[in-house]
$ cat start06.cif   # mmCIF, C-alpha atoms and all ligand atoms
data_my_file
#
loop_
_atom_site.label_atom_id
_atom_site.label_comp_id
_atom_site.auth_asym_id
_atom_site.auth_seq_id
_atom_site.Cartn_x
_atom_site.Cartn_y
_atom_site.Cartn_z
CA MET T 512 15.23 10.14 -48.55
CA PHE T 513 11.63 8.92 -48.77
CA LEU T 514 9.25 10.71 -46.43
CA CYS T 515 5.56 10.14 -45.74
CA SER T 516 3.14 12.94 -46.50
CA LYS T 517 2.85 13.86 -42.82
CA CYS T 518 6.60 14.29 -42.44
CA ARG T 519 6.81 16.22 -45.73
CA GLU T 520 4.13 18.57 -44.47
CA ARG T 521 5.78 18.94 -41.10
CA LEU T 522 9.18 19.72 -42.62
CA SER T 523 7.64 21.93 -45.36
CA TYR T 524 9.15 19.86 -48.16
CA SER T 525 7.87 21.33 -51.36
CA ASP T 526 9.42 19.04 -53.95
CA ASN T 527 7.19 16.39 -55.44
CA PRO T 528 6.78 13.37 -53.20
CA SER T 529 7.90 10.09 -54.57
CA THR T 530 4.97 7.72 -54.83
CA ARG T 531 6.55 4.36 -54.26
CA ASP T 532 3.84 1.98 -53.12
CA GLY T 533 4.46 0.39 -49.73
CA ALA T 534 7.45 2.56 -49.04
CA VAL T 535 8.25 3.27 -45.42
CA CYS T 536 8.95 6.81 -44.26
CA GLU T 537 12.63 7.06 -43.42
CA ILE T 538 11.96 9.33 -40.48
CA CYS T 539 8.78 8.28 -38.71
CA GLY T 540 8.53 4.73 -40.08
CA ASN T 541 4.95 5.63 -41.11
CA LEU T 542 3.98 6.03 -37.47
CA LEU T 543 2.27 9.35 -38.18
CA GLU T 544 -0.07 7.55 -40.58
CA HIS T 545 -1.36 5.40 -37.74
CA VAL T 546 -2.83 7.90 -35.29
CA ASP T 547 -6.34 6.52 -35.98
CA GLU T 548 -5.37 2.97 -35.16
CA TYR T 549 -3.68 3.91 -31.90
CA PHE T 550 -6.67 6.04 -31.05
CA GLY T 551 -8.83 2.93 -31.46
CA MET T 552 -6.54 0.89 -29.20
CA PHE T 553 -6.46 3.64 -26.60
CA LYS T 554 -10.24 3.86 -26.64
CA GLU T 555 -10.67 0.13 -26.20
CA GLU T 556 -8.18 -0.07 -23.31
CA ALA T 557 -9.43 3.10 -21.65
CA GLY T 558 -12.99 1.79 -21.69
CA GLN T 559 -12.00 -0.87 -19.18
CA TYR T 560 -10.85 1.62 -16.56
CA ASP T 561 -12.31 4.45 -14.59
CA PHE T 562 -10.06 7.53 -14.82
CA SER T 563 -10.10 11.12 -15.96
CA THR T 564 -6.50 12.09 -16.75
CA PHE T 565 -4.08 10.46 -19.15
CA LEU T 566 -0.68 10.73 -20.76
CA ILE T 567 0.69 9.29 -23.99
CA GLY T 568 4.13 7.78 -23.51
CA MET T 569 6.39 6.97 -26.46
CA LYS T 570 9.38 4.75 -27.00
CA VAL T 571 10.92 5.42 -30.40
CA PRO T 572 14.20 4.23 -31.98
CA LYS T 573 16.91 6.72 -31.12
CA ASP T 574 18.38 6.91 -34.65
CA SER T 575 14.97 7.73 -36.18
CA LEU T 576 14.63 10.63 -33.79
CA THR T 577 18.18 11.81 -34.49
CA ARG T 578 17.49 11.69 -38.24
CA ASP T 579 14.36 13.73 -37.69
CA ILE T 580 16.08 16.37 -35.55
CA GLU T 581 18.78 16.75 -38.21
CA ALA T 582 16.15 17.09 -40.94
CA ILE T 583 14.30 19.72 -38.91
CA GLU T 584 17.51 21.71 -38.46
CA LYS T 585 18.30 21.43 -42.17
CA SER T 586 14.81 22.53 -43.19
CA GLY T 587 14.98 25.59 -40.97
CA VAL T 588 11.30 25.26 -40.01
CA LYS T 589 10.04 25.41 -36.47
CA THR T 590 8.16 22.18 -35.91
CA ARG T 591 7.69 19.32 -33.47
CA ASN T 592 9.75 16.21 -33.99
CA TYR T 593 7.73 13.19 -35.09
CA LYS T 594 7.48 11.73 -31.59
CA GLU T 595 6.05 14.97 -30.20
CA GLU T 596 3.86 15.33 -33.27
CA PHE T 597 2.40 11.86 -32.77
CA GLN T 598 1.77 12.49 -29.05
CA PHE T 599 0.14 15.79 -29.93
CA GLN T 600 -2.06 14.32 -32.67
CA LEU T 601 -3.19 11.36 -30.59
CA GLY T 602 -3.53 13.35 -27.37
CA SER T 603 -5.62 16.10 -28.90
CA ARG T 604 -7.88 13.63 -30.65
CA ILE T 605 -8.48 11.86 -27.32
CA GLU T 606 -9.25 15.15 -25.60
CA ARG T 607 -11.60 16.10 -28.45
CA GLU T 608 -13.53 12.86 -28.67
CA LEU T 609 -13.25 11.14 -25.29
CA PRO T 610 -13.99 12.33 -21.74
CA TYR T 611 -10.33 12.49 -20.66
CA ARG T 612 -7.83 15.29 -20.32
CA VAL T 613 -4.09 15.13 -20.62
CA ASP T 614 -2.01 15.50 -17.43
CA PHE T 615 1.75 15.73 -17.79
CA GLY T 616 2.35 15.59 -14.03
CA LYS T 617 0.39 12.80 -12.37
CA PRO T 618 -1.79 11.07 -14.94
CA GLU T 619 -4.13 8.31 -13.78
CA PHE T 620 -3.76 6.39 -17.02
CA THR T 621 -0.61 6.16 -19.12
CA PHE T 622 -0.70 4.64 -22.57
CA THR T 623 2.82 3.96 -23.80
CA ILE T 624 3.53 3.10 -27.40
CA ASP T 625 6.65 1.16 -28.26
CA GLN T 626 7.33 1.91 -31.89
CA GLU T 627 10.02 -0.70 -32.38
CA ASN T 628 7.83 -3.58 -31.18
CA MET T 629 4.69 -2.01 -32.65
CA ASP T 630 3.07 -2.58 -29.28
CA TYR T 631 1.71 -0.60 -26.39
CA SER T 632 1.39 -0.94 -22.64
CA VAL T 633 -0.98 0.50 -20.11
CA TRP T 634 -0.14 1.74 -16.63
CA VAL T 635 -2.88 2.72 -14.22
CA LYS T 636 -2.17 4.78 -11.14
CA PRO T 637 -2.67 2.68 -7.99
CA ILE T 638 -5.44 3.65 -5.63
CA TYR T 639 -5.14 3.72 -1.83
CA LEU T 640 -7.87 2.91 0.61
CA LYS T 641 -7.27 3.64 4.25
CA GLY T 642 -9.14 2.87 7.45
CA ARG T 643 -8.83 1.19 10.84
CA TYR T 644 -9.44 -2.43 11.63
CA LEU T 645 -10.73 -4.29 14.64
CA LYS T 646 -9.86 -7.93 15.18
CA LYS T 647 -12.61 -9.57 17.18
CA ARG T 648 -11.49 -13.17 17.07
CA ARG T 649 -8.21 -14.61 18.31
CA GLY T 650 -6.06 -16.70 16.03
CA ILE T 651 -6.05 -14.46 12.96
CA PRO T 652 -2.49 -13.57 11.95
CA GLN T 653 -1.91 -10.16 10.42
CA SER T 654 -0.10 -11.42 7.35
CA PRO T 655 -0.34 -14.78 5.56
CA TRP T 656 1.35 -17.21 7.83
CA ILE T 657 3.50 -20.12 6.87
CA LYS T 658 4.64 -22.49 9.57
CA PRO T 659 7.64 -24.64 8.69
CA GLY T 660 6.47 -28.10 7.67
CA ARG T 661 2.80 -27.24 8.03
CA GLY T 662 2.21 -25.08 4.99
CA LYS T 663 -0.17 -22.18 5.04
CA GLU T 664 -2.41 -21.95 8.07
CA MET T 665 -6.09 -22.59 7.53
CA GLU T 666 -7.15 -19.27 9.00
CA LYS T 667 -6.72 -16.39 6.58
CA SER T 668 -4.83 -13.29 7.65
CA VAL T 669 -6.06 -9.78 8.41
CA SER T 670 -4.32 -8.64 5.21
CA GLU T 671 -6.29 -11.17 3.12
CA TYR T 672 -9.62 -10.62 4.87
CA ILE T 673 -9.32 -6.89 4.12
CA GLY T 674 -7.09 -6.70 1.04
CA GLN T 675 -8.91 -9.16 -1.22
CA PRO T 676 -12.41 -7.64 -1.00
CA VAL T 677 -10.92 -4.14 -1.36
CA CYS T 678 -8.95 -5.23 -4.42
CA ASP T 679 -12.02 -6.94 -5.91
CA ALA T 680 -14.30 -3.97 -5.25
CA LEU T 681 -11.92 -1.66 -7.11
CA GLY T 682 -11.23 -4.19 -9.87
CA GLY T 683 -7.52 -4.28 -9.10
CA ARG T 684 -4.95 -6.73 -10.42
CA ASN T 685 -3.32 -7.21 -7.01
CA TYR T 686 -2.79 -5.37 -3.75
CA ASN T 687 -0.43 -4.58 -0.89
CA PHE T 688 -1.62 -4.38 2.68
CA PHE T 689 0.09 -2.16 5.25
CA ALA T 690 -0.81 -1.66 8.91
CA SER T 691 0.60 0.58 11.58
CA GLY T 692 2.27 -2.13 13.66
CA ARG T 693 0.80 -5.54 14.43
CA GLU T 694 -0.84 -7.43 17.25
CA ASP T 695 0.06 -11.00 18.13
CA VAL T 696 -1.96 -13.73 16.48
CA ASP T 697 -3.67 -14.53 19.79
CA ALA T 698 -4.38 -10.89 20.69
CA LEU T 699 -7.56 -9.03 19.87
CA MET T 700 -7.52 -5.56 18.33
CA LEU T 701 -10.38 -3.61 19.88
CA GLY T 702 -11.29 -0.05 20.79
CA THR T 703 -10.70 2.41 17.99
CA GLY T 704 -8.86 -0.09 15.82
CA ARG T 705 -5.51 -0.13 14.07
CA PRO T 706 -4.75 2.17 11.11
CA PHE T 707 -4.11 0.40 7.81
CA TYR T 708 -4.16 1.02 4.11
CA VAL T 709 -4.47 -1.12 1.00
CA GLU T 710 -2.68 -0.21 -2.21
CA VAL T 711 -4.65 -1.54 -5.18
CA LYS T 712 -2.63 -1.97 -8.37
CA SER T 713 -4.15 -1.35 -11.81
CA PRO T 714 -7.63 -0.57 -10.46
CA ARG T 715 -10.45 -0.57 -13.00
CA LYS T 716 -12.51 1.58 -10.67
CA ARG T 717 -11.49 4.61 -8.63
CA SER T 718 -14.42 4.60 -6.22
CA THR T 719 -16.71 2.07 -4.60
CA ASP T 720 -19.49 1.80 -2.03
CA LEU T 721 -17.44 1.86 1.16
CA SER T 722 -20.17 0.77 3.54
CA ALA T 723 -20.94 -2.25 1.35
CA LEU T 724 -17.23 -3.00 1.38
CA SER T 725 -17.14 -2.90 5.22
CA GLY T 726 -20.00 -5.40 5.21
CA GLN T 727 -18.11 -7.70 2.85
CA VAL T 728 -15.01 -7.68 5.06
CA LEU T 729 -17.08 -8.46 8.16
CA GLY T 730 -19.06 -11.21 6.43
CA GLY T 731 -16.03 -12.70 4.67
CA SER T 732 -14.15 -12.97 7.96
CA ARG T 733 -17.18 -14.43 9.81
CA ASP T 734 -17.24 -11.35 12.04
CA GLY T 735 -13.53 -11.68 12.84
CA ILE T 736 -12.43 -8.44 11.19
CA GLU T 737 -14.30 -5.17 11.14
CA VAL T 738 -13.12 -2.14 9.17
CA ILE T 739 -14.10 1.40 10.10
CA ASP T 740 -13.41 4.92 8.83
CA LEU T 741 -12.77 3.76 5.28
CA SER T 742 -11.79 6.38 2.75
CA ILE T 743 -9.94 6.69 -0.53
CA ALA T 744 -6.65 8.34 0.40
CA ASP T 745 -4.12 10.49 -1.33
CA PRO T 746 -0.64 8.93 -1.70
CA SER T 747 0.79 11.80 0.39
CA VAL T 748 -1.39 10.78 3.35
CA ILE T 749 -0.14 7.22 2.93
CA GLU T 750 3.48 8.40 2.93
CA GLY T 751 2.79 10.16 6.24
CA MET T 752 1.31 6.99 7.73
CA LYS T 753 4.42 4.96 6.95
CA GLY T 754 6.64 6.98 9.24
CA GLN T 755 4.26 7.06 12.19
CA LYS T 756 5.11 5.16 15.35
CA PRO T 757 2.01 5.58 17.49
CA ASP T 758 1.80 4.59 21.15
CA LYS T 759 -0.36 1.57 21.91
CA THR T 760 -2.75 0.83 24.74
CA TYR T 761 -3.23 -2.79 25.83
CA GLU T 762 -5.53 -4.68 28.11
CA VAL T 763 -3.83 -7.69 29.67
CA GLY T 764 -5.68 -10.32 31.65
CA LEU T 765 -3.47 -12.13 34.20
CA THR T 766 -3.69 -14.77 36.87
CA VAL T 767 -1.34 -13.82 39.68
CA ASP T 768 -0.11 -15.24 42.92
CA GLY T 769 2.84 -14.55 45.17
CA ALA T 770 4.18 -12.38 47.95
CA GLY T 771 3.71 -9.04 46.25
CA VAL T 772 0.08 -9.38 45.30
CA VAL T 773 -1.26 -7.02 47.95
CA LYS T 774 1.12 -4.24 47.01
CA ILE T 775 0.52 -4.29 43.26
CA ALA T 776 -1.15 -0.88 42.99
CA GLU T 777 1.61 0.79 44.95
CA LYS T 778 4.36 -0.82 42.91
CA LEU T 779 2.82 0.10 39.58
CA GLU T 780 3.11 3.80 40.30
CA LYS T 781 6.69 3.94 39.05
CA TYR T 782 5.57 3.02 35.53
CA SER T 783 5.07 6.55 34.37
CA ASP T 784 7.19 7.11 31.24
CA LEU T 785 9.69 4.57 32.47
CA MET T 786 12.35 3.29 30.09
CA ILE T 787 12.62 -0.48 29.91
CA SER T 788 15.24 -2.55 28.16
CA GLN T 789 14.13 -5.54 26.11
CA ARG T 790 16.24 -8.20 24.49
CA THR T 791 14.58 -9.82 21.49
CA PRO T 792 11.96 -12.20 22.97
CA THR T 793 12.81 -15.89 22.88
CA ARG T 794 9.57 -16.58 20.99
CA VAL T 795 10.68 -14.49 17.98
CA LEU T 796 14.43 -15.18 18.10
CA GLY T 797 14.22 -17.33 14.99
CA ILE T 798 12.81 -14.50 12.89
CA ARG T 799 14.26 -11.35 14.49
CA LYS T 800 17.82 -10.34 15.20
CA ASP T 801 18.91 -10.75 18.81
CA LYS T 802 19.47 -7.26 20.18
CA VAL T 803 18.50 -4.97 23.02
CA ARG T 804 15.80 -2.33 22.44
CA GLU T 805 14.85 0.45 24.79
CA ARG T 806 11.17 1.33 25.00
CA ILE T 807 9.09 3.62 27.16
CA VAL T 808 6.19 2.34 29.22
CA ARG T 809 3.85 5.33 29.56
CA SER T 810 1.55 3.96 32.25
CA VAL T 811 0.24 0.80 33.90
CA GLU T 812 -3.15 0.89 35.57
CA ILE T 813 -5.33 -1.67 37.27
CA LYS T 814 -8.68 -2.09 35.59
CA GLN T 815 -9.90 -4.98 37.72
CA PHE T 816 -8.46 -7.09 40.48
CA ALA T 817 -10.30 -9.89 42.24
CA ASP T 818 -9.52 -13.46 43.25
CA SER T 819 -6.03 -13.53 41.73
CA LYS T 820 -7.43 -12.29 38.40
CA LEU T 821 -5.76 -9.04 37.48
CA VAL T 822 -6.62 -6.89 34.45
CA LEU T 823 -4.09 -4.21 33.56
CA ILE T 824 -4.27 -1.34 31.11
CA ILE T 825 -0.77 -0.74 29.77
CA ARG T 826 0.17 2.16 27.54
CA ALA T 827 3.54 1.89 25.86
CA GLU T 828 5.64 3.13 23.00
CA ALA T 829 5.37 1.45 19.59
CA GLY T 830 7.43 -1.72 19.41
CA THR T 831 7.24 -2.62 23.11
CA TYR T 832 6.89 -6.36 23.70
CA ILE T 833 4.05 -6.37 26.20
CA LYS T 834 3.98 -10.06 27.06
CA GLU T 835 7.67 -9.96 27.90
CA PHE T 836 7.25 -6.76 29.90
CA VAL T 837 4.78 -8.73 32.04
CA THR T 838 6.62 -12.05 32.31
CA GLY T 839 10.21 -10.85 32.07
CA ASP T 840 11.09 -13.54 29.50
CA LYS T 841 13.66 -15.06 31.89
CA GLY T 842 15.32 -11.75 32.61
CA ARG T 843 15.55 -10.57 28.99
CA THR T 844 13.22 -7.63 29.74
CA ILE T 845 14.30 -5.35 32.60
CA PRO T 846 12.49 -4.18 34.60
CA ASN T 847 9.47 -6.45 34.26
CA LEU T 848 6.29 -6.86 36.26
CA ARG T 849 6.90 -10.41 37.38
CA ASP T 850 10.22 -9.64 39.11
CA GLU T 851 9.28 -6.17 40.30
CA LEU T 852 6.07 -7.31 41.91
CA ASP T 853 7.55 -10.58 43.12
CA ILE T 854 4.60 -12.58 41.82
CA ASN T 855 3.97 -15.46 39.47
CA VAL T 856 1.98 -14.37 36.45
CA LYS T 857 0.17 -16.25 33.75
CA ILE T 858 -1.13 -14.26 30.81
CA ASP T 859 -4.78 -15.17 30.13
CA TYR T 860 -5.29 -12.80 27.23
CA LEU T 861 -3.96 -9.69 25.54
CA ASN T 862 -6.06 -7.16 23.68
CA VAL T 863 -4.94 -4.01 21.91
CA LEU T 864 -7.30 -1.17 22.71
CA GLU T 865 -5.86 1.81 20.97
CA VAL T 866 -3.22 2.69 18.42
CA LYS T 867 -2.50 6.43 18.40
ZN ZN W 1 6.89 10.13 -41.67
#

$ encode --input "start06.cif" --output "C-alpha cells" --more "lines below"
Ligand SMILES: [Zn+2]
Amino acid sequence: MFLCSKCRERLSYSDNPSTRDGAVCEICGNLLEHVDEYFGMFKEEAGQYDFSTFLIGMKVPKDSLTRDIEAIEKSGVKTRNYKEEFQFQLGSRIERELPYRVDFGKPEFTFTIDQENMDYSVWVKPIYLKGRYLKKRRGIPQSPWIKPGRGKEMEKSVSEYIGQPVCDALGGRNYNFFASGREDVDALMLGTGRPFYVEVKSPRKRSTDLSALSGQVLGGSRDGIEVIDLSIADPSVIEGMKGQKPDKTYEVGLTVDGAGVVKIAEKLEKYSDLMISQRTPTRVLGIRKDKVRERIVRSVEIKQFADSKLVLIIRAEAGTYIKEFVTGDKGRTIPNLRDELDINVKIDYLNVLEVK
C-alpha cells in the first residue's frame, strides 16, 4: 500500500517509503499534503466575513476512513485518523495565524471541505436583529402582498421596508421577517410599536450602527415605518418571541347612530374579560379556514364621544378580530357592539396602540 509521508509518520511506518512520482496516498488521497492550500482558501473566504469563532467540517469517502482505521489498529499506534489529523492541522494553523478561535459547539463560521469533490462550502451563522415598529401611514401591508390579477401592490410591505435595509446593513444574502401578530393594511400601528425580528442569512457583518439603520428605515419608507429599540438578539430570545401571544390595545374611530347611543357607556361595562365567539370573518374567508374562535375582550373604554363620533379604546386577546367585534360581521361575531348597543356603526379608522 502506498502511503504519503504524512500518513507514514502518523502510523509510524518505518520501512522505506516508495518514491513513485505522482502516486496518490491510498489512505488520505494526499489530502494531508494540502493543508496549506486549504488554509489559503479559508483565509480568503474568512476575510469577507466578520466573525470570531469557526469550525472545520469534513466530508471524506467512507472507505478511505475505514482503510485508515484498520491501518491504525494494525499499526498499534495511538493516533488521529486522517480526517481528524487534517482538521487538527488546519484548525491549529488558523488559530495560530489568524484572529479566530475554534468552537465545536456554536461556531459563527463553518468551513466544510468535501474531499471527494475537492471543494469546500461556507456556512455563516445567521444574525438576528430585534425591535419594535410603528406604522404611521395607512395602506402598508405587513408582508409582500399579491392581489389576484393585479400582481404585486405598488406599496412595499413592512417586512420589506425593515428587512431589506437591515439585511443590507449586515451584508446578508437574504432575510426573514417575523412580527408578533399583524395589523390590517388600513390600520396604523402606534404607541409603543409591535415587536419584530429580522433573521439575516450569511451576514458579512455581525454589528452595525443601529441608529443609522433606524434612519434608513424611516427615510426608505417615506416616514411610513419607524423602528425603535433595535438590538442584536440572541437566538434564544427569538425563540421566546415566537411563542408569545401578547394582548393588543386598539383605538377605533366610529360614526354611530341609533336607539342605544345614549346608553353606550353603561352598556360597555360588561366588557371586562368577556369571552366572545368569532367565526372567521367574511373578508378573510378566502384565505383562512372557516371556524369559530373564542377570544377574550379585556376592556372597552370611551376615549371621546361627540356628535355621533365615538372613539373607543379596546383591549383584547391576541387574534381577536376587532372590526368584526364592532360590526358583528352579520352575526358571525357574538356578542358584538353593533347588536348589543342597538346602533348602526361605521368604522372610520383603526389604530393599534400597544402590543404586550
Ligand atoms: Zn496520506

$ closest_atom_pairs --input "start06.cif" --of "chain T" --to "ligand ZN 1 (chain W)" --cutoff "12 Å" --atoms "only C-alpha atoms and all ligand atoms" --output "tab-separated table"
residue	atom	partner	partner_atom	distance
T:Met512	CA	W:ZN1	ZN	10.8
T:Phe513	CA	W:ZN1	ZN	8.6
T:Leu514	CA	W:ZN1	ZN	5.3
T:Cys515	CA	W:ZN1	ZN	4.3
T:Ser516	CA	W:ZN1	ZN	6.7
T:Lys517	CA	W:ZN1	ZN	5.6
T:Cys518	CA	W:ZN1	ZN	4.2
T:Arg519	CA	W:ZN1	ZN	7.3
T:Glu520	CA	W:ZN1	ZN	9.3
T:Arg521	CA	W:ZN1	ZN	8.9
T:Leu522	CA	W:ZN1	ZN	9.9
T:Tyr524	CA	W:ZN1	ZN	11.9
T:Pro528	CA	W:ZN1	ZN	12.0
T:Ala534	CA	W:ZN1	ZN	10.6
T:Val535	CA	W:ZN1	ZN	7.9
T:Cys536	CA	W:ZN1	ZN	4.7
T:Glu537	CA	W:ZN1	ZN	6.7
T:Ile538	CA	W:ZN1	ZN	5.3
T:Cys539	CA	W:ZN1	ZN	4.0
T:Gly540	CA	W:ZN1	ZN	5.9
T:Asn541	CA	W:ZN1	ZN	4.9
T:Leu542	CA	W:ZN1	ZN	6.6
T:Leu543	CA	W:ZN1	ZN	5.8
T:Glu544	CA	W:ZN1	ZN	7.5
T:His545	CA	W:ZN1	ZN	10.3
T:Val546	CA	W:ZN1	ZN	11.8
T:Ser575	CA	W:ZN1	ZN	10.1
T:Leu576	CA	W:ZN1	ZN	11.1
T:Arg578	CA	W:ZN1	ZN	11.2
T:Asp579	CA	W:ZN1	ZN	9.2
T:Ala582	CA	W:ZN1	ZN	11.6
T:Asn592	CA	W:ZN1	ZN	10.2
T:Tyr593	CA	W:ZN1	ZN	7.3
T:Lys594	CA	W:ZN1	ZN	10.2
T:Glu596	CA	W:ZN1	ZN	10.3
T:Phe597	CA	W:ZN1	ZN	10.1

$ closest_residue --input "start06.cif" --among "T:Ile825, T:Ile580, T:Ala817, T:Leu645" --to "Ala698 of chain T" --atoms "all atoms listed in the file"
T:Leu645

$ atom_distance --input "start06.cif" --atom1 "atom CA of Arg826 of chain T" --atom2 "atom CA of Tyr860 of chain T"
15.9 Å

$ closest_residue --input "start06.cif" --among "T:Leu701, T:Arg591, T:Leu852, T:Tyr560" --to "Arg684 of chain T" --atoms "only C-alpha atoms"
T:Tyr560

$ residues_near_point --input "start06.cif" --point "(8.4, 25.3, -40.8)" --cutoff "7 Å" --atoms "all atoms listed in the file" --output "list in words"
Arg521, Leu522, Ser523, Gly587, Val588, Lys589 and Thr590 of chain T

$ atom_distance --input "start06.cif" --atom1 "atom CA of Lys554 of chain T" --atom2 "atom CA of Thr623 of chain T"
13.4 Å

$ closest_atom_pairs --input "start06.cif" --of "segment 718-818 of chain T" --to "segment 830-851 of chain T" --cutoff "8 Å" --atoms "only C-alpha atoms" --output "JSON lines"
{"residue": "T:Lys778", "atom": "CA", "partner": "T:Glu851", "partner_atom": "CA", "distance": 7.7}
{"residue": "T:Ile787", "atom": "CA", "partner": "T:Ile845", "partner_atom": "CA", "distance": 5.8}
{"residue": "T:Ser788", "atom": "CA", "partner": "T:Ile845", "partner_atom": "CA", "distance": 5.3}
{"residue": "T:Gln789", "atom": "CA", "partner": "T:Thr844", "partner_atom": "CA", "distance": 4.3}
{"residue": "T:Arg790", "atom": "CA", "partner": "T:Arg843", "partner_atom": "CA", "distance": 5.1}
{"residue": "T:Thr791", "atom": "CA", "partner": "T:Arg843", "partner_atom": "CA", "distance": 7.6}
{"residue": "T:Pro792", "atom": "CA", "partner": "T:Asp840", "partner_atom": "CA", "distance": 6.7}
{"residue": "T:Thr793", "atom": "CA", "partner": "T:Asp840", "partner_atom": "CA", "distance": 7.2}
{"residue": "T:Arg806", "atom": "CA", "partner": "T:Thr831", "partner_atom": "CA", "distance": 5.9}
{"residue": "T:Ile807", "atom": "CA", "partner": "T:Thr831", "partner_atom": "CA", "distance": 7.7}
{"residue": "T:Val808", "atom": "CA", "partner": "T:Thr831", "partner_atom": "CA", "distance": 7.9}

$ closest_residue --input "start06.cif" --among "T:Arg649, T:Arg643, T:Arg693, T:Arg715" --to "Ile673 of chain T" --atoms "all atoms listed in the file"
T:Arg643

$ axis_aligned_box --input "start06.cif" --around "segment 548-564 of chain T" --padding-each-side "6 Å" --output "AutoDock Vina command-line options"
--center_x -8.3 --center_y 5.6 --center_z -24.9 --size_x 21.3 --size_y 25.0 --size_z 32.6

$ closest_residue --input "start06.cif" --among "T:Leu566, T:Ile739, T:Ile813, T:Ala680" --to "Lys646 of chain T" --atoms "all atoms listed in the file"
T:Ile739

$ closest_residue --input "start06.cif" --among "T:Ala690, T:Val635, T:Ile583, T:Val728" --to "Gln675 of chain T" --atoms "only C-alpha atoms"
T:Val728

$ residues_near_point --input "start06.cif" --point "(2.8, -2.7, -20.0)" --cutoff "12 Å" --atoms "only C-alpha atoms" --output "compact mmCIF listing (two decimals) with C-alpha atoms, in the frame of the given file"
# COMPACT_ATOMS: atom_id res chain seq x y z
CA GLU T 556 -8.18 -0.07 -23.31
CA GLY T 568 4.13 7.78 -23.51
CA PHE T 620 -3.76 6.39 -17.02
CA THR T 621 -0.61 6.16 -19.12
CA PHE T 622 -0.70 4.64 -22.57
CA THR T 623 2.82 3.96 -23.80
CA ILE T 624 3.53 3.10 -27.40
CA ASP T 625 6.65 1.16 -28.26
CA ASP T 630 3.07 -2.58 -29.28
CA TYR T 631 1.71 -0.60 -26.39
CA SER T 632 1.39 -0.94 -22.64
CA VAL T 633 -0.98 0.50 -20.11
CA TRP T 634 -0.14 1.74 -16.63
CA VAL T 635 -2.88 2.72 -14.22
CA SER T 713 -4.15 -1.35 -11.81
